[in-house]
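Note: the block below is work02.cif and it holds mmCIF, C-alpha atoms and all ligand atoms.
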```
data_protein
loop_
_atom_site.label_atom_id
_atom_site.label_comp_id
_atom_site.auth_asym_id
_atom_site.auth_seq_id
_atom_site.Cartn_x
_atom_site.Cartn_y
_atom_site.Cartn_z
CA MET Y 51 -10.90 21.46 -9.36
CA SER Y 52 -7.70 19.41 -9.90
CA ASN Y 53 -6.55 20.18 -6.32
CA HIS Y 54 -9.92 19.31 -4.77
CA PRO Y 55 -9.59 16.64 -2.03
CA SER Y 56 -11.79 14.32 -4.11
CA LYS Y 57 -8.97 14.11 -6.70
CA GLU Y 58 -6.35 12.64 -4.36
CA ARG Y 59 -4.64 9.52 -5.70
CA THR Y 60 -2.84 6.60 -4.09
CA LEU Y 61 -0.98 3.51 -5.26
CA VAL Y 62 -2.04 0.08 -4.02
CA ILE Y 63 -0.21 -3.15 -4.82
CA ILE Y 64 -1.68 -6.54 -4.01
CA LYS Y 65 1.56 -8.36 -3.14
CA PRO Y 66 2.33 -11.93 -4.31
CA ASP Y 67 0.80 -13.44 -1.15
CA GLY Y 68 -2.46 -11.53 -1.74
CA VAL Y 69 -2.69 -12.99 -5.25
CA GLN Y 70 -1.79 -16.50 -3.99
CA ARG Y 71 -4.37 -16.29 -1.20
CA THR Y 72 -7.01 -15.50 -3.90
CA LEU Y 73 -7.90 -12.26 -2.17
CA ILE Y 74 -7.84 -9.97 -5.22
CA GLY Y 75 -11.63 -9.58 -5.34
CA GLU Y 76 -12.00 -9.19 -1.58
CA ILE Y 77 -9.31 -6.50 -1.44
CA ILE Y 78 -10.64 -4.52 -4.40
CA LYS Y 79 -14.16 -4.74 -2.96
CA ARG Y 80 -13.08 -3.00 0.24
CA TYR Y 81 -11.59 0.02 -1.52
CA GLU Y 82 -14.49 0.16 -3.94
CA LYS Y 83 -17.19 -0.04 -1.25
CA ILE Y 84 -16.00 3.05 0.58
CA GLY Y 85 -16.44 5.18 -2.54
CA LEU Y 86 -12.96 5.27 -4.04
CA LYS Y 87 -12.58 5.07 -7.81
CA MET Y 88 -10.09 2.75 -9.51
CA ILE Y 89 -8.31 4.71 -12.25
CA ALA Y 90 -5.53 2.26 -13.23
CA LEU Y 91 -4.90 -1.48 -12.92
CA LYS Y 92 -2.31 -4.00 -14.14
CA MET Y 93 -0.96 -7.45 -13.28
CA LEU Y 94 2.77 -8.09 -13.57
CA VAL Y 95 5.79 -9.85 -12.07
CA PRO Y 96 8.04 -6.96 -10.97
CA THR Y 97 11.80 -7.00 -11.49
CA ILE Y 98 14.25 -6.75 -8.58
CA GLU Y 99 15.42 -3.35 -9.86
CA HIS Y 100 11.84 -2.06 -9.99
CA ILE Y 101 11.22 -3.11 -6.36
CA GLU Y 102 14.49 -1.66 -5.06
CA LYS Y 103 13.65 1.67 -6.73
CA HIS Y 104 10.07 1.56 -5.42
CA TYR Y 105 11.16 1.30 -1.80
CA THR Y 106 13.94 3.87 -2.08
CA LEU Y 107 11.97 6.59 -3.93
CA ASP Y 108 11.67 8.31 -0.55
CA PRO Y 109 15.18 8.84 0.84
CA GLU Y 110 13.71 8.77 4.37
CA TRP Y 111 12.09 5.33 3.97
CA ARG Y 112 15.13 3.40 5.27
CA ARG Y 113 15.32 5.36 8.50
CA ILE Y 114 11.54 5.50 9.14
CA THR Y 115 10.99 1.79 8.49
CA GLY Y 116 13.93 0.81 10.72
CA GLU Y 117 12.65 3.02 13.54
CA LYS Y 118 9.12 1.64 13.16
CA THR Y 119 10.48 -1.90 13.46
CA ILE Y 120 12.47 -1.06 16.61
CA LYS Y 121 9.36 0.48 18.20
CA GLY Y 122 7.30 -2.57 17.20
CA TYR Y 123 9.66 -4.85 19.10
CA GLN Y 124 9.96 -2.55 22.11
CA SER Y 125 6.20 -2.10 22.49
CA LYS Y 126 5.93 -5.87 22.95
CA GLY Y 127 8.81 -5.95 25.45
CA LEU Y 128 11.06 -7.71 22.88
CA THR Y 129 14.64 -6.86 21.91
CA PRO Y 130 15.00 -5.58 18.30
CA PRO Y 131 17.48 -7.46 16.04
CA SER Y 132 19.57 -4.25 15.97
CA MET Y 133 19.33 -0.72 17.38
CA ASP Y 134 20.56 0.73 14.07
CA PRO Y 135 17.49 1.53 11.87
CA LEU Y 136 19.59 1.46 8.68
CA GLU Y 137 21.06 -1.94 9.46
CA ILE Y 138 17.54 -3.28 10.00
CA THR Y 139 16.27 -1.79 6.74
CA ALA Y 140 19.18 -3.10 4.68
CA LYS Y 141 18.03 -6.61 5.53
CA ILE Y 142 14.34 -5.77 5.07
CA LEU Y 143 15.06 -4.40 1.60
CA GLU Y 144 16.91 -7.55 0.55
CA ASN Y 145 14.02 -9.68 1.77
CA LEU Y 146 11.45 -7.39 0.17
CA LYS Y 147 13.10 -7.88 -3.23
CA LYS Y 148 12.70 -11.65 -2.87
CA TYR Y 149 9.11 -11.35 -1.63
CA MET Y 150 7.85 -8.83 -4.16
CA THR Y 151 9.34 -10.59 -7.20
CA SER Y 152 8.19 -14.09 -6.19
CA GLY Y 153 5.04 -14.01 -8.32
CA PRO Y 154 2.45 -11.79 -9.98
CA VAL Y 155 1.23 -8.65 -8.23
CA ILE Y 156 -1.69 -6.34 -8.98
CA ALA Y 157 -0.84 -2.63 -9.18
CA MET Y 158 -3.68 -0.13 -8.94
CA VAL Y 159 -4.31 3.57 -8.61
CA TRP Y 160 -7.29 4.63 -6.50
CA GLN Y 161 -8.74 8.13 -6.47
CA GLY Y 162 -11.10 9.88 -4.10
CA ALA Y 163 -11.33 12.13 -1.04
CA HIS Y 164 -8.32 11.58 1.23
CA ALA Y 165 -7.45 8.48 -0.81
CA VAL Y 166 -4.02 8.00 0.83
CA GLU Y 167 -5.28 8.10 4.40
CA ILE Y 168 -8.51 6.18 3.73
CA VAL Y 169 -6.64 3.38 1.96
CA ARG Y 170 -4.11 3.10 4.81
CA LYS Y 171 -7.02 2.94 7.29
CA ILE Y 172 -8.76 0.14 5.37
CA THR Y 173 -5.44 -1.67 4.82
CA GLY Y 174 -4.31 -1.61 8.48
CA GLY Y 175 -0.89 -1.31 10.14
CA THR Y 176 2.25 -2.83 8.65
CA GLU Y 177 2.54 -5.77 11.06
CA PRO Y 178 -0.49 -8.08 10.69
CA LEU Y 179 -0.19 -9.28 14.31
CA THR Y 180 -1.04 -5.81 15.55
CA SER Y 181 -3.20 -4.51 12.65
CA ASP Y 182 -6.75 -3.84 13.81
CA THR Y 183 -9.42 -6.42 13.14
CA GLY Y 184 -11.68 -5.08 10.41
CA THR Y 185 -8.68 -3.97 8.32
CA ILE Y 186 -7.50 -6.12 5.42
CA ARG Y 187 -4.19 -7.00 7.08
CA GLY Y 188 -5.95 -7.56 10.42
CA ASP Y 189 -8.60 -9.83 8.92
CA PHE Y 190 -6.73 -11.97 6.41
CA VAL Y 191 -3.16 -12.58 7.54
CA LEU Y 192 -1.28 -13.44 10.75
CA ASP Y 193 2.39 -12.64 10.26
CA SER Y 194 4.63 -10.82 12.79
CA TYR Y 195 8.02 -9.07 12.84
CA GLN Y 196 9.23 -11.63 15.35
CA MET Y 197 8.38 -14.53 13.04
CA SER Y 198 9.49 -12.92 9.74
CA ASP Y 199 12.76 -11.56 11.16
CA GLY Y 200 13.47 -14.93 12.84
CA ASP Y 201 12.98 -16.64 9.48
CA ASN Y 202 14.94 -13.87 7.69
CA ARG Y 203 12.15 -12.85 5.31
CA ALA Y 204 9.86 -9.88 4.70
CA VAL Y 205 6.70 -9.67 6.74
CA ARG Y 206 3.82 -10.91 4.56
CA ASN Y 207 1.04 -8.39 4.76
CA LEU Y 208 -0.79 -8.76 1.42
CA ILE Y 209 -0.72 -5.12 0.33
CA HIS Y 210 1.42 -2.10 -0.34
CA ALA Y 211 -0.30 1.26 0.02
CA SER Y 212 1.36 4.69 -0.35
CA GLY Y 213 2.16 6.34 2.97
CA SER Y 214 1.72 9.99 1.98
CA VAL Y 215 0.49 12.12 -0.91
CA LYS Y 216 4.10 12.82 -1.91
CA GLU Y 217 4.98 9.12 -1.82
CA ALA Y 218 1.84 8.32 -3.82
CA GLU Y 219 2.80 10.75 -6.58
CA MET Y 220 6.30 9.26 -6.92
CA GLU Y 221 5.02 5.68 -6.75
CA ILE Y 222 2.25 6.17 -9.33
CA ASN Y 223 4.86 7.56 -11.76
CA HIS Y 224 7.11 4.61 -11.01
CA TRP Y 225 4.43 1.97 -11.75
CA PHE Y 226 2.30 3.60 -14.46
CA LYS Y 227 2.79 5.61 -17.64
CA PRO Y 228 0.64 8.76 -17.66
CA GLU Y 229 -1.64 7.30 -20.37
CA GLU Y 230 -2.35 4.21 -18.24
CA VAL Y 231 -4.03 6.34 -15.58
CA LEU Y 232 -7.56 7.16 -16.72
CA ASN Y 233 -9.71 10.23 -16.20
CA TYR Y 234 -13.41 9.42 -16.06
CA ARG Y 235 -16.51 10.10 -14.02
CA LEU Y 236 -18.36 7.61 -11.82
CA VAL Y 237 -22.09 8.14 -11.41
CA GLN Y 238 -21.77 7.76 -7.61
CA GLU Y 239 -19.43 10.74 -7.38
CA GLN Y 240 -22.46 12.98 -7.59
CA ILE Y 241 -23.78 11.79 -4.23
CA LEU Y 242 -20.29 11.72 -2.69
CA TYR Y 243 -19.10 15.16 -3.72
CA ASP Y 244 -21.88 17.24 -5.31
CA VAL Y 245 -22.50 20.44 -3.33
CA ASN Y 246 -26.11 21.20 -4.22
CA LEU Y 247 -27.65 17.72 -4.62
CA ASP Y 248 -29.94 19.18 -7.24
CA GLY Y 249 -29.66 16.33 -9.75
CA ILE Y 250 -31.66 13.63 -7.98
CA LEU Y 251 -35.34 14.61 -7.98
CA GLU Y 252 -37.25 14.61 -11.28
P1 LIG Y 301 4.06 -0.25 4.83
O1 LIG Y 301 4.00 -1.31 3.75
O2 LIG Y 301 2.97 -0.48 5.85
O3 LIG Y 301 4.10 1.14 4.31
P2 LIG Y 301 6.92 -0.01 5.40
O4 LIG Y 301 6.99 0.99 4.29
O5 LIG Y 301 7.47 0.39 6.72
O6 LIG Y 301 5.42 -0.52 5.65
O7 LIG Y 301 7.69 -1.33 4.97
C1 LIG Y 301 7.53 -1.85 3.67
C2 LIG Y 301 7.33 -3.34 3.74
O8 LIG Y 301 8.51 -3.96 4.26
C3 LIG Y 301 6.21 -3.81 4.67
O9 LIG Y 301 4.93 -3.76 4.09
C4 LIG Y 301 6.66 -5.21 4.97
O10 LIG Y 301 6.31 -6.12 3.95
C5 LIG Y 301 8.18 -5.10 5.03
N1 LIG Y 301 8.69 -4.87 6.39
C6 LIG Y 301 8.67 -3.71 7.08
N2 LIG Y 301 9.23 -3.85 8.29
C7 LIG Y 301 9.64 -5.15 8.36
C8 LIG Y 301 10.29 -5.95 9.37
N3 LIG Y 301 10.66 -5.44 10.53
N4 LIG Y 301 10.54 -7.25 9.10
C9 LIG Y 301 10.18 -7.78 7.94
N5 LIG Y 301 9.57 -7.10 6.95
C10 LIG Y 301 9.29 -5.81 7.16
MG MG Y 302 5.59 2.21 3.31
#
```

If you convert what's in this file into structure tokens, what do you get?
Ligand code: ADP
Ligand code: MG
Amino acid sequence: MSNHPSKERTLVIIKPDGVQRTLIGEIIKRYEKIGLKMIALKMLVPTIEHIEKHYTLDPEWRRITGEKTIKGYQSKGLTPPSMDPLEITAKILENLKKYMTSGPVIAMVWQGAHAVEIVRKITGGTEPLTSDTGTIRGDFVLDSYQMSDGDNRAVRNLIHASGSVKEAEMEINHWFKPEEVLNYRLVQEQILYDVNLDGILE
């Protein structure tokens, strides 16, 4: 049962701008409403070292994020600040450290079927300008790569959400001690995952 899709876990962080915009309740509501279960939660001001480690847990993150940024510019007919993905990410990482340590954040673990993918869908794409309306980033914030890079700062997009199951596993271990992540049952899980539906009628 521990490998069942309903047990998948993902890390979500409400970034300092999400806390400052008083969107904590709104953001949690969206993950809760779809049927995911919160299994860990804390509020803290992260250290610079903690943030650097968080973003470099995946050795591929620097390359992927740089390439994503270059594509983001090109798809709008704009010239990227550099054609070297690693050069782009070096700057992003510096700016991320400033952004993510600027105030309190909320770190959470959410569990449920396809938690990683579902949370990314609800959260929306990295750049708020192009995130779909209906997603958290698309509905509540208006930043762009062009504006953030021009001002030499990280793009403010309210939330961090793990990008893959592997990333989620590493990130959860980075933010939470094993005993801070709780195992419990929610009553609604019966209607979400029960195979026989034989517990409803009296
Ligand atoms: P995501 O948070 O959607 O997984 P990434 O892992 O690619 O996105 O990047 C991590 C964070 O770095 C983003 O959420 C964003 O805050 C910031 N960021 C990414 N690309 C840029 C960029 N080109 N300019 C400024 N900030 C960026
Ligand atoms: Mg990411």

List as a PDB file with C-alpha atoms, in the coordinates of the input: which residues have an atom within 10 Å of (1.9, 7.5, 0.2), counting all atoms listed in the file?
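Saved the output as point.pdb:
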```pdb
ATOM      1  CA  ARG Y  59      -4.640   9.520  -5.700  1.00  0.00           C
ATOM      2  CA  THR Y  60      -2.840   6.600  -4.090  1.00  0.00           C
ATOM      3  CA  LEU Y  61      -0.980   3.510  -5.260  1.00  0.00           C
ATOM      4  CA  VAL Y  62      -2.040   0.080  -4.020  1.00  0.00           C
ATOM      5  CA  ASP Y 108      11.670   8.310  -0.550  1.00  0.00           C
ATOM      6  CA  ALA Y 165      -7.450   8.480  -0.810  1.00  0.00           C
ATOM      7  CA  VAL Y 166      -4.020   8.000   0.830  1.00  0.00           C
ATOM      8  CA  GLU Y 167      -5.280   8.100   4.400  1.00  0.00           C
ATOM      9  CA  VAL Y 169      -6.640   3.380   1.960  1.00  0.00           C
ATOM     10  CA  ARG Y 170      -4.110   3.100   4.810  1.00  0.00           C
ATOM     11  CA  HIS Y 210       1.420  -2.100  -0.340  1.00  0.00           C
ATOM     12  CA  ALA Y 211      -0.300   1.260   0.020  1.00  0.00           C
ATOM     13  CA  SER Y 212       1.360   4.690  -0.350  1.00  0.00           C
ATOM     14  CA  GLY Y 213       2.160   6.340   2.970  1.00  0.00           C
ATOM     15  CA  SER Y 214       1.720   9.990   1.980  1.00  0.00           C
ATOM     16  CA  VAL Y 215       0.490  12.120  -0.910  1.00  0.00           C
ATOM     17  CA  LYS Y 216       4.100  12.820  -1.910  1.00  0.00           C
ATOM     18  CA  GLU Y 217       4.980   9.120  -1.820  1.00  0.00           C
ATOM     19  CA  ALA Y 218       1.840   8.320  -3.820  1.00  0.00           C
ATOM     20  CA  GLU Y 219       2.800  10.750  -6.580  1.00  0.00           C
ATOM     21  CA  MET Y 220       6.300   9.260  -6.920  1.00  0.00           C
ATOM     22  CA  GLU Y 221       5.020   5.680  -6.750  1.00  0.00           C
ATOM     23  CA  ILE Y 222       2.250   6.170  -9.330  1.00  0.00           C
TER      24      ILE Y 222
END
```

Which chains and residue numbers are within 7 Å of ligand LIG 301 (chain Y), counting all atoms listed in the file, if I want them as a PyMOL selection string?
chain Y and resi 111+114-115+118-119+142+146+175-176+195+198-199+203-207+209-213

I need the residue nearest ligand MG 302 (chain Y) from this list: Y:Ser125, Y:Thr72, Y:Thr173, Y:Ser152. Use only C-alpha atoms and all ligand atoms for the distance.
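Using only C-alpha atoms and all ligand atoms, ligand MG 302 (chain Y) sits closest to Y:Thr173.
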
Once 6 Å is added on each side, what centre and edge lengths in Å to one decimal does the axis-aligned box around all listed atoms of range 119-136 of chain Y have, as lines of an AutoDock Vina configuration file?
```
center_x = 13.2
center_y = -3.1
center_z = 17.1
size_x = 26.6
size_y = 21.2
size_z = 28.8
```

Need to verify the contact set: Ile250 in chain Y, 12 Å, all atoms listed in the file, exclusion of same-chain residues closer than 5 positions in sequence. Can you return it as a list of chain:residue names?
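Once the nearby chain positions are removed, what remains is Y:Val237, Y:Gln238, Y:Gln240, Y:Ile241, Y:Asp244.
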
Produce a file of the selected residues containing C-alpha atoms, as a compact mmCIF listing (two decimals), in the coordinates of the input.
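Written output follows (selection20.txt):
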```
# COMPACT_ATOMS: atom_id res chain seq x y z
CA VAL Y 237 -22.09 8.14 -11.41
CA GLN Y 238 -21.77 7.76 -7.61
CA GLN Y 240 -22.46 12.98 -7.59
CA ILE Y 241 -23.78 11.79 -4.23
CA ASP Y 244 -21.88 17.24 -5.31
```

Tell me which of Y:Val231, Y:Leu86, Y:Leu143, Y:Leu73 sits closest to ligand MG 302 (chain Y), counting all atoms listed in the file.
Y:Leu143

Just the number, please: distance in Å from CA of Ser56 in chain Y to CA of Lys87 in chain Y, one decimal.
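Taking CA of Ser56 in chain Y and CA of Lys87 in chain Y, their separation equals 10.0 Å.
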
If we count only C-alpha atoms, what is near Leu128 in chain Y at a cut-off of 12 Å, once residues fewer than 4 positions away on the same chain are taken out, given as a ChimeraX atom specification?
/Y:119-124,132,195-196
